[in-house]
Amino acid sequence: MTLIEQQIAAALMPLVEDRAYPVTLPQDTLYPAITFNRLEAVQTEEDYRLSPLKQRQARGTRSLFQITAWSKKYSDCVTLLRRCKREMEAIDGVYLDNTADGYEHELNLYTCVMEFALWCDLDDTETLNGETGQINSVMIAIESNLMRLLPGVDVGQYDPQVSRLSAPSVRLSLNSMAPGIDYGDGRLSANCDITVFCIYPRTGYQSPEIAMKVMDHIRYNHWGLSETVSHPENLRAEAADYRPGKGGYDVWQVSFSQTVYLNIPEQEDNPDAESIFMGETPDVGEPNIDQYDLVSKIPGDSSDAP
């Protein structure tokens, strides 16, 4: 697994001929140079803007990283601001939160202080790569989490055709999906209803105790998938009417719902748009395009009609 700190260092080093340092500047360094460090990590929930018209709801641990450009020339700092923004936002999930110019009188250096935000990089020790927002990857991530939580327990996918299971076992079932909330950022979302069956021998109260442990583990868990899944909701545990084989099992189920955001690429704004036209309902759409009125013409456009 590549740590976010390693990704930041790799992004910044080429900008200043490897003079990008964690936390503090070394003595007698050449300029321009860059320092970077984690400023804070707090539990929060908020909507953040991807653009003036797009925003995304995020919940969990929000980390703030401070990037400072140092130079004897102000022009170097403002140039590095733009280059740092481009390289940092090329890292998945990182976005510029705020920036400010400054001057260090003791060092006689101009500075540009940038703060970049990232969600949930501290929420799990493992981050899956690839199609992290897809349903299959989410279910596999949940299985992997439960395997680590319950060493020695047979963890796998629920199969209604299986008539016998060894105990203890844990089986994971995706029961249903419904459209999730659309936050206007271009991603499709699915609210998934998930059940975890805890299957233990009928001796004592092992099954409800394990169900309680599983339920506590599920709370707030993003399975290492960052903002591609929401917090689990509607979490509950109860005795299950699930009897593989002829008996001898005590089965409890932990059920919850979780929204999965699918990795559908966002559509960029149309770079070829040249003019803006307006139609009036109900005379809108392709069949009525010749009735549209010209509202404004973008410089360089020579057309007078849609």
# chains A, B, ... in the order shown; residues from 1 in each chain; ligands from 1
call {"tool": "residues_around", "arguments": {"residues": "A:Val229", "least_positions_apart": "4", "cutoff": "6 Å", "atoms": "only C-alpha atoms", "output": "number ranges by chain"}}
result
A: 259-261
call {"tool": "write_last_selection", "arguments": {"atoms": "C-alpha atoms", "output": "mmCIF file, in the first residue's frame"}}
result
data_model
loop_
_atom_site.group_PDB
_atom_site.id
_atom_site.type_symbol
_atom_site.label_atom_id
_atom_site.label_comp_id
_atom_site.auth_asym_id
_atom_site.auth_seq_id
_atom_site.Cartn_x
_atom_site.Cartn_y
_atom_site.Cartn_z
ATOM 1 C CA THR A 259 -24.461 3.640 -0.414
ATOM 2 C CA VAL A 260 -21.880 2.686 -3.026
ATOM 3 C CA TYR A 261 -20.800 5.358 -5.511
#
call {"tool": "residues_around", "arguments": {"residues": "A:Tyr31", "least_positions_apart": "5", "cutoff": "8 Å", "atoms": "only C-alpha atoms", "output": "PDB file with all heavy atoms, in the first residue's frame"}}
result
ATOM      1  N   TRP A  70       8.667  27.987  -0.833  1.00  0.00           N
ATOM      2  CA  TRP A  70       9.611  28.977  -0.310  1.00  0.00           C
ATOM      3  C   TRP A  70      10.520  29.453  -1.441  1.00  0.00           C
ATOM      4  O   TRP A  70      11.051  28.639  -2.201  1.00  0.00           O
ATOM      5  CB  TRP A  70      10.492  28.371   0.777  1.00  0.00           C
ATOM      6  CG  TRP A  70       9.771  27.682   1.895  1.00  0.00           C
ATOM      7  CD1 TRP A  70       9.212  26.431   1.867  1.00  0.00           C
ATOM      8  CD2 TRP A  70       9.543  28.191   3.205  1.00  0.00           C
ATOM      9  NE1 TRP A  70       8.645  26.136   3.078  1.00  0.00           N
ATOM     10  CE2 TRP A  70       8.838  27.195   3.936  1.00  0.00           C
ATOM     11  CE3 TRP A  70       9.867  29.389   3.844  1.00  0.00           C
ATOM     12  CZ2 TRP A  70       8.456  27.354   5.252  1.00  0.00           C
ATOM     13  CZ3 TRP A  70       9.495  29.550   5.173  1.00  0.00           C
ATOM     14  CH2 TRP A  70       8.793  28.544   5.858  1.00  0.00           C
ATOM     15  N   SER A  71      10.716  30.776  -1.537  1.00  0.00           N
ATOM     16  CA  SER A  71      11.618  31.282  -2.566  1.00  0.00           C
ATOM     17  C   SER A  71      12.030  32.715  -2.252  1.00  0.00           C
ATOM     18  O   SER A  71      11.332  33.436  -1.528  1.00  0.00           O
ATOM     19  CB  SER A  71      10.959  31.226  -3.944  1.00  0.00           C
ATOM     20  OG  SER A  71      11.865  31.683  -4.936  1.00  0.00           O
ATOM     21  N   LYS A  72      13.143  33.108  -2.816  1.00  0.00           N
ATOM     22  CA  LYS A  72      13.584  34.494  -2.706  1.00  0.00           C
ATOM     23  C   LYS A  72      12.851  35.387  -3.703  1.00  0.00           C
ATOM     24  O   LYS A  72      12.962  36.604  -3.635  1.00  0.00           O
ATOM     25  CB  LYS A  72      15.092  34.582  -2.933  1.00  0.00           C
ATOM     26  CG  LYS A  72      15.894  33.847  -1.859  1.00  0.00           C
ATOM     27  CD  LYS A  72      17.394  33.943  -2.100  1.00  0.00           C
ATOM     28  CE  LYS A  72      18.166  33.205  -1.000  1.00  0.00           C
ATOM     29  NZ  LYS A  72      19.630  33.251  -1.213  1.00  0.00           N
TER      30      LYS A  72
END
call {"tool": "atom_distance", "arguments": {"atom1": "atom CA of A:Asp250", "atom2": "atom CA of A:Val155"}}
result
16.1 Å
call {"tool": "residues_around", "arguments": {"residues": "A:Gln253", "least_positions_apart": "6", "cutoff": "6 Å", "atoms": "only C-alpha atoms", "output": "list in words"}}
result
Val196, Phe197, Cys198, Ala237, Glu238 and Ala240 of chain A
call {"tool": "select_by_dssp", "arguments": {"residues": "stretch 46-263 of chain A", "states": "helix (DSSP H, G or I)", "output": "ChimeraX atom specification"}}
result
/A:74-88,135-149,206-218,226-228
call {"tool": "closest_atom_pairs", "arguments": {"of": "stretch 145-225 of chain A", "to": "stretch 61-64 of chain A", "cutoff": "12 Å", "atoms": "only C-alpha atoms", "output": "JSON lines"}}
result
{"residue": "A:Tyr220", "atom": "CA", "partner": "A:Thr61", "partner_atom": "CA", "distance": 10.2}
{"residue": "A:Asn221", "atom": "CA", "partner": "A:Thr61", "partner_atom": "CA", "distance": 11.1}
{"residue": "A:His222", "atom": "CA", "partner": "A:Thr61", "partner_atom": "CA", "distance": 10.6}
{"residue": "A:Gly224", "atom": "CA", "partner": "A:Thr61", "partner_atom": "CA", "distance": 12.0}
call {"tool": "write_last_selection", "arguments": {"atoms": "all heavy atoms", "output": "compact mmCIF listing (two decimals), in the first residue's frame"}}
result
# COMPACT_ATOMS: atom_id res chain seq x y z
N TYR A 220 -19.45 3.05 10.96
CA TYR A 220 -18.54 4.06 10.40
C TYR A 220 -17.48 3.46 9.47
O TYR A 220 -16.53 4.15 9.09
CB TYR A 220 -17.83 4.85 11.52
CG TYR A 220 -18.75 5.33 12.60
CD1 TYR A 220 -18.58 4.91 13.92
CD2 TYR A 220 -19.82 6.17 12.32
CE1 TYR A 220 -19.44 5.34 14.92
CE2 TYR A 220 -20.68 6.60 13.31
CZ TYR A 220 -20.48 6.18 14.61
OH TYR A 220 -21.32 6.59 15.58
N ASN A 221 -17.59 2.17 9.12
CA ASN A 221 -16.53 1.53 8.33
C ASN A 221 -16.73 1.80 6.84
O ASN A 221 -17.78 1.53 6.28
CB ASN A 221 -16.53 0.02 8.59
CG ASN A 221 -15.18 -0.60 8.33
OD1 ASN A 221 -14.46 -0.18 7.43
ND2 ASN A 221 -14.82 -1.59 9.13
N HIS A 222 -15.68 2.34 6.21
CA HIS A 222 -15.69 2.56 4.77
C HIS A 222 -14.89 1.49 4.05
O HIS A 222 -14.65 1.59 2.85
CB HIS A 222 -15.13 3.94 4.42
CG HIS A 222 -16.07 5.06 4.74
ND1 HIS A 222 -16.34 6.08 3.85
CD2 HIS A 222 -16.81 5.34 5.83
CE1 HIS A 222 -17.20 6.93 4.39
NE2 HIS A 222 -17.50 6.50 5.59
N GLY A 224 -11.86 0.79 3.74
CA GLY A 224 -10.66 1.21 3.02
C GLY A 224 -10.94 1.82 1.67
O GLY A 224 -10.02 1.99 0.86
call {"tool": "residues_around", "arguments": {"residues": "A:Val254", "least_positions_apart": "2", "cutoff": "10 Å", "atoms": "only C-alpha atoms", "output": "PyMOL selection string"}}
result
chain A and resi 172+194-198+208+210-215+218+235-240+252+256
call {"tool": "residues_around", "arguments": {"residues": "A:Thr24", "least_positions_apart": "4", "cutoff": "10 Å", "atoms": "only C-alpha atoms", "output": "list in words"}}
result
Ala20, Ile34, Thr35, Phe36, Asn37 and Thr68 of chain A
call {"tool": "write_last_selection", "arguments": {"atoms": "N, CA and C atoms", "output": "PDB file, in the first residue's frame"}}
result
ATOM      1  N   ALA A  20      11.899  18.964  -1.934  1.00  0.00           N
ATOM      2  CA  ALA A  20      10.612  18.933  -1.229  1.00  0.00           C
ATOM      3  C   ALA A  20      10.824  18.127   0.042  1.00  0.00           C
ATOM      4  N   ILE A  34      10.186  23.333  -1.185  1.00  0.00           N
ATOM      5  CA  ILE A  34       8.830  23.046  -0.707  1.00  0.00           C
ATOM      6  C   ILE A  34       8.910  22.229   0.572  1.00  0.00           C
ATOM      7  N   THR A  35       8.036  22.533   1.534  1.00  0.00           N
ATOM      8  CA  THR A  35       7.838  21.661   2.692  1.00  0.00           C
ATOM      9  C   THR A  35       6.387  21.175   2.690  1.00  0.00           C
ATOM     10  N   PHE A  36       6.168  19.996   3.275  1.00  0.00           N
ATOM     11  CA  PHE A  36       4.812  19.452   3.356  1.00  0.00           C
ATOM     12  C   PHE A  36       4.640  18.704   4.676  1.00  0.00           C
ATOM     13  N   ASN A  37       3.427  18.748   5.204  1.00  0.00           N
ATOM     14  CA  ASN A  37       3.128  18.053   6.458  1.00  0.00           C
ATOM     15  C   ASN A  37       1.619  17.930   6.641  1.00  0.00           C
ATOM     16  N   THR A  68       3.975  24.232   1.583  1.00  0.00           N
ATOM     17  CA  THR A  68       4.506  25.599   1.588  1.00  0.00           C
ATOM     18  C   THR A  68       5.620  25.720   0.558  1.00  0.00           C
TER      19      THR A  68
END
call {"tool": "closest_residue", "arguments": {"among": "A:Arg86, A:Arg19, A:Arg38, A:His105", "to": "A:Leu118", "atoms": "only C-alpha atoms"}}
result
A:Arg38
call {"tool": "closest_residue", "arguments": {"among": "A:Gln157, A:Tyr110, A:Ser169, A:Phe65", "to": "A:Ala33", "atoms": "only C-alpha atoms"}}
result
A:Tyr110
call {"tool": "atom_distance", "arguments": {"atom1": "atom CA of A:Gln7", "atom2": "atom CA of A:Lys85"}}
result
13.9 Å
